[in-house]
Structure formats: structure tokens, C-alpha cells
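Q: Shown below is the structure under consideration.
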Amino acid sequence: MLKTFSLVVLAALVAGVSQAAEKPDEAKLIAIISSDAPPQEKAIPCKQLAVYGTKAAVPALAALLPNPELSSWARIALEAIPDPACDDALRAAVGKLEGRLLVGVINSIGVRRDAKAIPTLVAKLKDPDPEVASAAAEALGRIGGEEPAKALEPLLASAPPPVRSSAAYGLVLCAERLLADKRAEDATRLYDAVRKADVPRHRIAEATRGAILARGAAGVPLLLEQLRSADKSCLWLGLRVARELPGPEATDALVAELGKAAPERQPLVFLALVDRGDPKAMPAILAAAKSGPKALRITAMGALEHIGDASCIPVLLEAAVGDDAEVATAGKVALARLAGKDVDADLAARLDKAQGKARQVLIELAGARRISPALPALVQALTDAEPGIRGAAAEALGAIGGEKQVPELVKAVAKAQDPKDQSAIERALLALCGRVGAACVPSLAPLTKSAESAQRIIGLHVLAVAGGPEALAALNAGLGDADGAVQDEAARALSTWPNKFPEDPAVVPVLTAMATKARKPQHQILALRGIFQHIQGNKKLSDAERLAKVNEVLPLVKGPDEKRLAISALGAINAPGALDKLVAFAADAPVAEEACSAIVGLLGRPDLKGFSADQRRAALQTAAQKSKAGRTRKRAEELLKAVK
């Protein structure tokens with residue numbers, strides 16, 4: 001814990017001092033910590049000495065070790081300064097301190113791994129203070145070697161429980177050092193000693209992990225013992241070590257265990273097997289995905305989406321076309337996420353020969369994976385006998401099709417007998433043409449000229465998302481269609497044009513003519529809605545231009561709905577003329593509330609320009625008098641007080 005704390009402090013210190021203009025003067029730092037300055041003024045110099053200190057700072061730092069307020073700060077520096085004088089100072093302090101201060105010094109000795117301190121630490125193993133004895137045990141473990149291990153091992157049987165736990169930890173640390181030095185047999189003996197001792201479970205777990213790894217291939221039986229244990233903590237330990245233990249023997253054992261483990265444990269063992277990254281496990285992974293308990297199959301397919309390749313396609317495809325919905329979904333998701341261009345090529349090659357559900361799944365995958373070589377097969381599938389295949393093909397073409405596929409989709413609309421097919425193809429055209437844009441428009445002519453009103457309506461819908469002058473002209477022509485339903489769709493499409501193309505001014509004359517000449521009241525309302533949306537949405541228009549355009553169409557505004565549209569547009573125009581219009585609308589009872597709210601909103605803007613105090617005062621008084629909404633009246637009164 002203290003070592004970790006030291007590292008954190010050092011990291012923060014390095015980050016801080018790296019920004020300093022120049023290196024601190026060590027002599028000045030030493031003078032500060034040696035002076036009569038209060039403790040809080042000595043802490044920062046101690047931290048700086050951890051980075052810049054040398055042997056010269058050791059005596060001053062050592063003098064702070066008995067100080068309860070500064071001992072930890074001094075130890076941080078003594079742990080970091082790379083000079084043997086620090087070890088001498090810490091060893092010397094052991095005989096002069098007690099309690100928590102002594103524990104801290106012993107911990108620092110462990111951090112520095114001072115082998116010369118071994119006799120002193122061994123003596124402290126018998127200290128009556130269990131915290132001191134425990135600290136000595138752990139410090140000996142950090143130093144490591146035969147002498148510390150020999151001193152610690154008897155404590156497993158004779159020491160009080162707290163010290164026994166620390167001795168076990170120290171022995172585990174010694175064993176780790178032995179294992180790193182290729183002394184696996186000696187390490188195994190220490191691990192086994194801890195495993196068999198009466199120590200806390202977490203110490204036994206640490207030793208068991210080490211015992212398995214130290215044994216290598218011979219540790220497989222002990223690993224399996226953990227995986228089969230009824231104790232969940234042992235199970236989780238086994239799952240961890242299963243990922244760490246190298247060698248084909250461990251892989252083979254996990255493969256065999258898959259067939260023996262309880263159903264609820266099979267996915268856990270399987271994931272450990274996958275995480276080993278051993279190619280030897282791939283046949284078992286594929287077998288698990290192909291058959292067996294449902295949970296295991298789904299887990300296996302989830303793994304294959306990350307580690308699989310084209311060789312996994314047959315197994316995943318078989319699952320994807322199966323009757324179990326969850327398994328099928330897992331198979332399709334894995335196929336959609338498999339990495340590699342060879343996967344795309346394999347799936348595209350299968351598409352031509354596939355039939356039934358497999359063909360539908362492959363089409364869905366072509367869309368999900370954006371497999372452009374599959375486009376010809378997707379077009380062909382639009383006329384398949386199976387409705388599901390036709391729908392999947394249309395959706396995939398909408399996702400990945402381009403300008404070249406538009407004529408094919410248009411032909412498919414004309415041939416479609418089922419309204420569901422027409423809807424699916426329409427959605428594909430909307431997605432595709434919305435992505436490609438005006439280049440699609442010439443290919444849509446057969447729809448707008450069709451004898452079938454349903455097809456003409458589809459054409460209007462698609463033209464509205466494609467955009468461009470030709471599409472706008474075709475929509476305008478639709479207003480004169482012989483079929484009233486087509487006229488209505490044309491009007492709706494024109495009214496929404498500013499939503500998709502807000503800065504296209506070409507729509508304004510069309511909408512103005514529609515508002516002026518429309519025979520149907522709803523068409524006039526739609527036209528005005530479109531005009532006002534353009535006025536609000538076109539960021540290229542100045543406030544003066546917006547106001548001029550509103551004034552142009554105000555004579556056409558009759559009913560409350562149209563007036564509300566005008567009020568909404570006027571409320572966003574930062575010009576005195578807009579305020580005059582809003583005040584006039586405030587006198588119109590059906591829309592007075594909306595006008596008052598717009599007045600308050602406009603005059604509450606911080607960027608007002610050109611409004612006189614009298615004009616603002618009169619407008620706000622109107623809003624305060626006419627509005628029935630308490631919030632609007634209150635805001636109007638607040639703004640009135642601010643008018644000078």
C-alpha cells in the first residue's frame with residue numbers, strides 16, 4: 001500500500017516539476033527541511049528531493065524519520081534517492097523507532113530490497129507488536145532469497161494469525177523471485193507450504209496460482225481441481241490461471257474439460273480457452289459453435305466474431321439459418337463482424353448458389369458488410385419467389401447500392417405485384433437516392449410518368465429526397481396530376497423541400513405560386529409552411545431579407561394556422577419591422593398568445609439592433625396586457641423595467 005502511495009506521489013511530482021523553469025537548488029531544499037519551519041512547509045521540499053536529491057540530502061531526511069508529521073514524506077525521498085546511504089539511514093532508524101513509524105521504515109527497506117537489512121528484519125519477526133512483525137515478514141519477502149524464506153517458513157505454524165498471513169505473503173513473494181530465476185522446484189515447495197498452512201483464503205489463492213504456474217504442464221491437474229471446485233473463489237482462480245498457464249497440455253485439458261463441465265460453467269471455461277489465443281483450440285471452438293448446449297454455442301459464436309476467419313463461415317452460416325432465433329442471431333452477428341476481405345469474397349461467392357433461408361441470410365450479410373461485388377446478385381434477388389428474399393434484397397440495395405442500381409429498382413417497382421414489395425423497394429430508393437442525390441433523378445422518370453398513380457407517388461417521394469432543379473420541376477408538375485392523391489403528395493413533398501434543402505431559393509417561387517393558385521386550402525397551408533420554413537432555415541438570408549420575404553407572403557396569410565407560421569418566422573427576425581408585425585398579430589385574438597410570446601422572445605435577445613425605446617416599450621406593454629400566460633406577462637414586465 002505504501003509503495004503504491006509512494007509511486008503515485010512520485011508520478012504527480014514528476015508531472016509537476018517537469019513544468020518548472022529550472023532545477024531546484026538541493027542545498028536550499030536541505031536547509032528548509034533542517035530549519036525550524038513548520039511541518040507543512042517541509043513537505044514540498046521533501047517531495048522535490050525525491051526527484052532531485054542526492055547523498056547530501058540523506059542526513060537531513062533521516063533526521064525527519066522520528067517526526068510523525070514528516071516521516072512518510074522523508075521516506076518517499078529516501079526510497080527514491082539512488083544511493084546506498086539511504087539504506088544505511090533506514091537500517092539505523094529501525095533500532096530507534098517503534099509503532100507506526102517503525103512499520104513505515106521497515107516498509108521502505110522492503111521497497112529498496114536492502115539485503116543488508118535481512119538480519120535486522122529477521123530479528124523483528126519476533127517483535128511483540130504484530131504490525132511490526134508483519135511488516136518485517138513482507139519486507140523480507142520483497143527482498144527475497146533463501147535466507148528470508150528460511151526465516152519465514154516456520155512462522156506458518158508458529159506465528160499469531162496476522163503475522164502468519166504476512167509471512168505467507170512474504171513466502172509467495174520469495175517464490176515468485178525463485179520462479180523468475182528459473183528455480184521452479186524451489187518455488188513450488190514454498191507455494192505448497194503456503195497452500196497447506198492455516199492462513200487466510202486469499203493467501204492460499206495466491207499460493208495456488210503460483211503452484212500451478214511453477215509446475216508448468218504438471219500443474220494441469222491442480223488447475224482442473226480449481227475449475228471443478230464447488231467453491232466459486234477457486235473457480236475464478238482457475239479461470240484466471242487457465243489464461244496464464246502456457247503450453248499445449250493446458251489447452252488440451254481445457255478442451256477436454258468443456259465436455260465434462262456443468263452446463264453453467266461451460267461458457268466460462270470456453271472463454272478462458274479462447275483467451276489463451278492458442279490456434280490449437282480452434283477446432284474445439286468451432287465444434288462448440290456447431291453443436292452442444294445453447295449457451296455454449298452462443299458464447300462460441302460470440303468469440304468467433306473476434307478471432308474467427310473465413311474458415312468459420314460454414315459453421316456460422318449453419319447456425320444463422322437454424323430454427324432457434326437466439327442461435328441464429330448470434331450466427332448472423334458473428335458473420336457480420338468477421339474480419340477480412342476473404343470473408344466478403346467467400347460470402348459473395350455463396351450467394352449465387354444459395355437457396356431459401358440461406359440466400360436471405362447471405363443477402364442480409366451483403367448489406368450489413370457492404371459487399372459491393374454482391375450488387376448484381378442483389379438486383380436479381382428482387383424478383384425471387386420468396387418474399388423474405390425480395391425484402392432483404394431491397395433493404396441491402398438501399399444500404400449499399402449506387403447510381404447504377406436506381407434503374408433496376410425503378411423497374412422492380414413497376415413489376416412488383418405485392419404492395420409490401422413496393423414499400424420495400426420505395427424505402428430502398430429513398431435511402432439510396434438520399435445518399436447519391438440529384439444524379440439519380442433522370443433514372444426516376446419512368447416512375448413519374450407511370451400510368452399507375454401509386455408508382456407516380458413513389459416517384460414523388462424519392463424525388464423529394466434526391467433534390468436538384470429537375471426534381472423540383474417534377475414535383476411542381478405533380479401539382480397538375482389528374483389524380484388528386486398524386487396532387488396531395490406533390491404538395492406535401494414541396495412543402496418539406498426546405499427541411500432537406502433549406503438554402504435552395506429555387507423552391508420559393510414554386511411555393512409562392514402554389515400558395516397563390518392552389519385550389520385546395522390544405523395545399524395553400526402546406527405552401528406557406530414551406531415558405532416560412534425556408535425563411536427560417538436559410539442561413540444565407542439577412543434579417544432584412546427574411547423580413548422582406550415574410551412581407552411578400554403576408555397577404556396570403558388568412559387562417560390562424562398560417563398566422564402562427566408567420567409569427568414563428570417573425571419572432572426570429574432581429575429587425576424593428578418584424579416587431580411591428582408581431583404587435584399587429586397580438587391584436588388578433590386567436591393568435592394573440594403566440595404573438596405576445598414571440599414579442600417577449602424577440603425583445604429578450606441580447607443582440608437587438610435598431611429598436612427604439614418607445615417601440616420596445618409599446619410592444620412590451622401590449623404583450624403584458626394581451627397575454628394570459630403568467631410566464632409571458634412576467635417576462636414582459638421584467639423587460640419593461642429595463643427599457644430606459
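FYI, nothing fancy with the C-alpha cells labels: chains A, B, ... in order, residues from 1 per chain, ligands from 1 as they appear.
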For Leu155 in chain A, work out the shell of residues within 10 Å, counting only C-alpha atoms and skipping chain neighbours fewer than 4 positions away, then give it as an MDAnalysis selection string.
A: chainID A and resid 125:126 137 150:151 159:161 163:168 197
Q: Write out the residues from the selection above, keeping N, CA and C atoms, as a compact mmCIF listing (two decimals), in the first residue's frame.
A:
```
# COMPACT_ATOMS: atom_id res chain seq x y z
N LEU A 125 10.93 -10.19 13.33
CA LEU A 125 9.82 -11.15 13.18
C LEU A 125 9.26 -11.56 14.54
N LYS A 126 10.07 -11.40 15.60
CA LYS A 126 9.63 -11.78 16.94
C LYS A 126 9.17 -10.57 17.76
N ALA A 137 7.97 -9.32 7.91
CA ALA A 137 7.75 -10.50 7.08
C ALA A 137 7.57 -10.12 5.62
N LYS A 150 13.87 -19.04 4.56
CA LYS A 150 14.14 -19.93 5.68
C LYS A 150 13.62 -19.34 6.99
N ALA A 151 13.69 -18.02 7.13
CA ALA A 151 13.20 -17.38 8.35
C ALA A 151 11.68 -17.32 8.39
N ALA A 159 3.47 -18.55 14.22
CA ALA A 159 3.19 -17.12 14.44
C ALA A 159 1.71 -16.86 14.72
N PRO A 160 1.40 -15.75 15.36
CA PRO A 160 0.00 -15.34 15.53
C PRO A 160 -0.65 -15.14 14.14
N PRO A 161 -1.97 -15.27 14.03
CA PRO A 161 -2.64 -15.19 12.72
C PRO A 161 -2.26 -13.99 11.86
N VAL A 163 0.48 -12.17 11.77
CA VAL A 163 1.86 -12.32 11.31
C VAL A 163 1.97 -13.51 10.36
N ARG A 164 1.22 -14.56 10.64
CA ARG A 164 1.23 -15.75 9.79
C ARG A 164 0.78 -15.38 8.36
N SER A 165 -0.24 -14.53 8.25
CA SER A 165 -0.71 -14.10 6.92
C SER A 165 0.37 -13.33 6.18
N SER A 166 1.05 -12.43 6.89
CA SER A 166 2.12 -11.66 6.25
C SER A 166 3.30 -12.55 5.88
N ALA A 167 3.58 -13.55 6.73
CA ALA A 167 4.65 -14.49 6.41
C ALA A 167 4.31 -15.27 5.14
N ALA A 168 3.03 -15.66 5.02
CA ALA A 168 2.60 -16.36 3.81
C ALA A 168 2.80 -15.49 2.59
N ALA A 197 -0.93 -24.32 4.71
CA ALA A 197 -0.90 -23.67 6.01
C ALA A 197 -2.27 -23.13 6.39
```
Q: Pick out the residues sitting within 10 Å of Gln455 in chain A, and hand them over as number ranges by chain; count only C-alpha atoms, and ignore anything fewer than 3 positions along from it in its own chain.
A: A: 410, 413-414, 422, 426, 446-452, 458-461, 486
Q: Any chance you could export the current selection's C-alpha atoms as a compact mmCIF listing (two decimals), in the first residue's frame?
A:
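What landed in part-v6.txt:
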```txt
# COMPACT_ATOMS: atom_id res chain seq x y z
CA VAL A 410 -37.33 1.52 -60.67
CA VAL A 413 -41.28 -1.15 -58.62
CA ALA A 414 -43.12 -1.48 -61.92
CA GLN A 422 -43.37 -1.85 -53.49
CA GLU A 426 -39.52 2.52 -52.13
CA PRO A 446 -40.37 6.10 -65.54
CA LEU A 447 -41.98 6.39 -62.11
CA THR A 448 -43.25 9.95 -62.54
CA LYS A 449 -44.66 9.03 -65.98
CA SER A 450 -46.19 5.72 -64.94
CA ALA A 451 -49.85 5.03 -65.64
CA GLU A 452 -50.16 3.80 -62.06
CA ILE A 458 -43.40 6.71 -55.08
CA GLY A 459 -41.56 8.78 -57.67
CA LEU A 460 -42.56 12.00 -55.91
CA HIS A 461 -41.36 10.69 -52.56
CA VAL A 486 -50.86 12.47 -56.51
```
Q: Near Ala548 in chain A, counting only C-alpha atoms, which residues have an atom at most 12 Å away, once you skip same-chain residues fewer than 5 positions from it, shown as a count of residues only?
A: 14
Q: Among range 148-327 of chain A, which ones does DSSP assign to helix (DSSP H, G or I) (computed from the backbone)? Answer as a PyMOL selection string.
A: chain A and resi 148-152+155-158+161-180+184-195+201-227+232-244+248-258+266-275+279-290+294-307+310-320+325-327
Q: Which residues come within 9 Å of Thr120 in chain A, counting only C-alpha atoms, excluding same-chain residues fewer than 5 positions away, as a list in words?
A: Arg91, Val94, Gly95 and Ala136 of chain A
Q: Which residues are close to Arg605 in chain A, i.e. within 12 Å by only C-alpha atoms, leaving aside same-chain residues fewer than 3 positions away? Reply as a list in words.
A: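 Counting only the stated atoms, we get Gly571, Ala572, Ile573, Asn574, Ala575, Ala598, Ile599, Val600, Gly601, Leu602, Leu608, Lys609, Phe611 and Leu639 of chain A.
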Q: Restrict the selected residues to C-alpha atoms and save them as a short mmCIF file (atom, residue, chain, number, x, y, z; two decimals), in the first residue's frame.
A:
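Below is the file again.cif, written as the result:
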```cif
data_model
loop_
_atom_site.label_atom_id
_atom_site.label_comp_id
_atom_site.auth_asym_id
_atom_site.auth_seq_id
_atom_site.Cartn_x
_atom_site.Cartn_y
_atom_site.Cartn_z
CA GLY A 571 -40.05 36.07 -33.90
CA ALA A 572 -36.63 35.03 -35.22
CA ILE A 573 -36.02 38.22 -37.25
CA ASN A 574 -33.89 40.84 -35.50
CA ALA A 575 -35.45 43.87 -37.20
CA ALA A 598 -42.80 35.99 -29.80
CA ILE A 599 -42.59 39.67 -28.78
CA VAL A 600 -41.07 38.77 -25.44
CA GLY A 601 -38.69 36.30 -27.04
CA LEU A 602 -37.52 38.80 -29.67
CA LEU A 608 -31.11 43.69 -30.57
CA LYS A 609 -30.35 46.38 -33.13
CA PHE A 611 -35.23 49.12 -31.93
CA LEU A 639 -38.10 43.69 -19.83
#
```
Q: Restricting the calculation to only C-alpha atoms, which member of A:Leu152, A:Ala218, A:Val255, A:Ile285 is positioned closest to Ala184 in chain A?
A: A:Ala218
Q: For a quick check of understanding, using only C-alpha atoms, which of A:Leu432, A:Ala471, A:Pro387, A:Glu244 has the smallest distance to Gln417 in chain A?
A: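 Closest to Gln417 in chain A, using only C-alpha atoms: A:Pro387.
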Q: Can you pull out the residues contacting Ala623 in chain A? Cut-off 7 Å, using only C-alpha atoms, and skip same-chain residues under 6 positions away; I want them as number ranges by chain.
A: A: 596, 599, 633, 636
Q: Would you put the residues from that selection into a file with C-alpha atoms, as a PDB file, in the first residue's frame?
A:
```
ATOM      1  CA  CYS A 596     -47.097  38.022 -27.248  1.00  0.00           C
ATOM      2  CA  ILE A 599     -42.594  39.675 -28.779  1.00  0.00           C
ATOM      3  CA  ARG A 633     -46.570  38.605 -18.655  1.00  0.00           C
ATOM      4  CA  ALA A 636     -42.683  41.308 -20.415  1.00  0.00           C
TER       5      ALA A 636
END
```
Q: If you count only C-alpha atoms, which residues fall within 9 Å of Arg215 in chain A, apart from same-chain ones fewer than 5 positions away, as a compact mmCIF listing (two decimals) with N, CA and C atoms, in the first residue's frame?
A:
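File around05.txt, as written:
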```txt
# COMPACT_ATOMS: atom_id res chain seq x y z
N ALA A 184 12.17 -23.34 -10.46
CA ALA A 184 10.76 -23.71 -10.33
C ALA A 184 10.52 -24.70 -9.19
N GLU A 185 11.44 -25.64 -9.00
CA GLU A 185 11.23 -26.66 -7.96
C GLU A 185 11.22 -26.02 -6.58
N THR A 188 8.05 -24.04 -6.15
CA THR A 188 6.89 -24.91 -5.94
C THR A 188 6.80 -25.33 -4.48
N GLY A 210 0.45 -19.58 -7.93
CA GLY A 210 1.88 -19.76 -8.16
C GLY A 210 2.26 -21.22 -8.30
N VAL A 220 -1.38 -28.90 -14.52
CA VAL A 220 -2.71 -29.03 -15.10
C VAL A 220 -3.70 -29.70 -14.14
```
Q: Kindly indicate which residue among A:Ala392, A:Ala288, A:Ala60, A:Ala354 lies nearest to Ala31 in chain A, using only C-alpha atoms for the distances.
A: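 Among the listed residues, A:Ala60 lies closest to Ala31 in chain A.
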Q: Quick check, in Å to one decimal: how far apart do CA of Ala27 in chain A and CA of Leu49 in chain A lie?
A: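 A separation of 10.2 Å between them.
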Q: Nearest to Ala518 in chain A: which of A:Gly480, A:Asn499, A:Asn551, A:Phe585 is it, counting only C-alpha atoms?
A: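 Answer, going by the shortest atom-to-atom distance: A:Gly480.
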Q: When you count only C-alpha atoms, which of these residues is closest to Trp73 in chain A: A:Ala527, A:Leu286, A:Ala393, A:Ile33?
A: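 Checking each candidate against Trp73 in chain A, we get A:Ile33 as the closest.
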Q: For Ala149 in chain A, which of A:Val194, A:Pro130, A:Asp384, A:Leu620 is the closest residue, counting only C-alpha atoms?
A: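 Among A:Val194, A:Pro130, A:Asp384, A:Leu620, it is A:Val194 that comes nearest to Ala149 in chain A.
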Q: Between CA of Pro128 in chain A and CA of Glu147 in chain A, what is the distance in Å, rounded to a tenth?
A: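 About the pair CA of Pro128 in chain A and CA of Glu147 in chain A: they are 21.9 Å apart.
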Q: How many Å lie between CA of Lys520 in chain A and CA of Arg427 in chain A, rounded to one decimal?
A: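 Straight-line distance from CA of Lys520 in chain A to CA of Arg427 in chain A works out to 28.7 Å.
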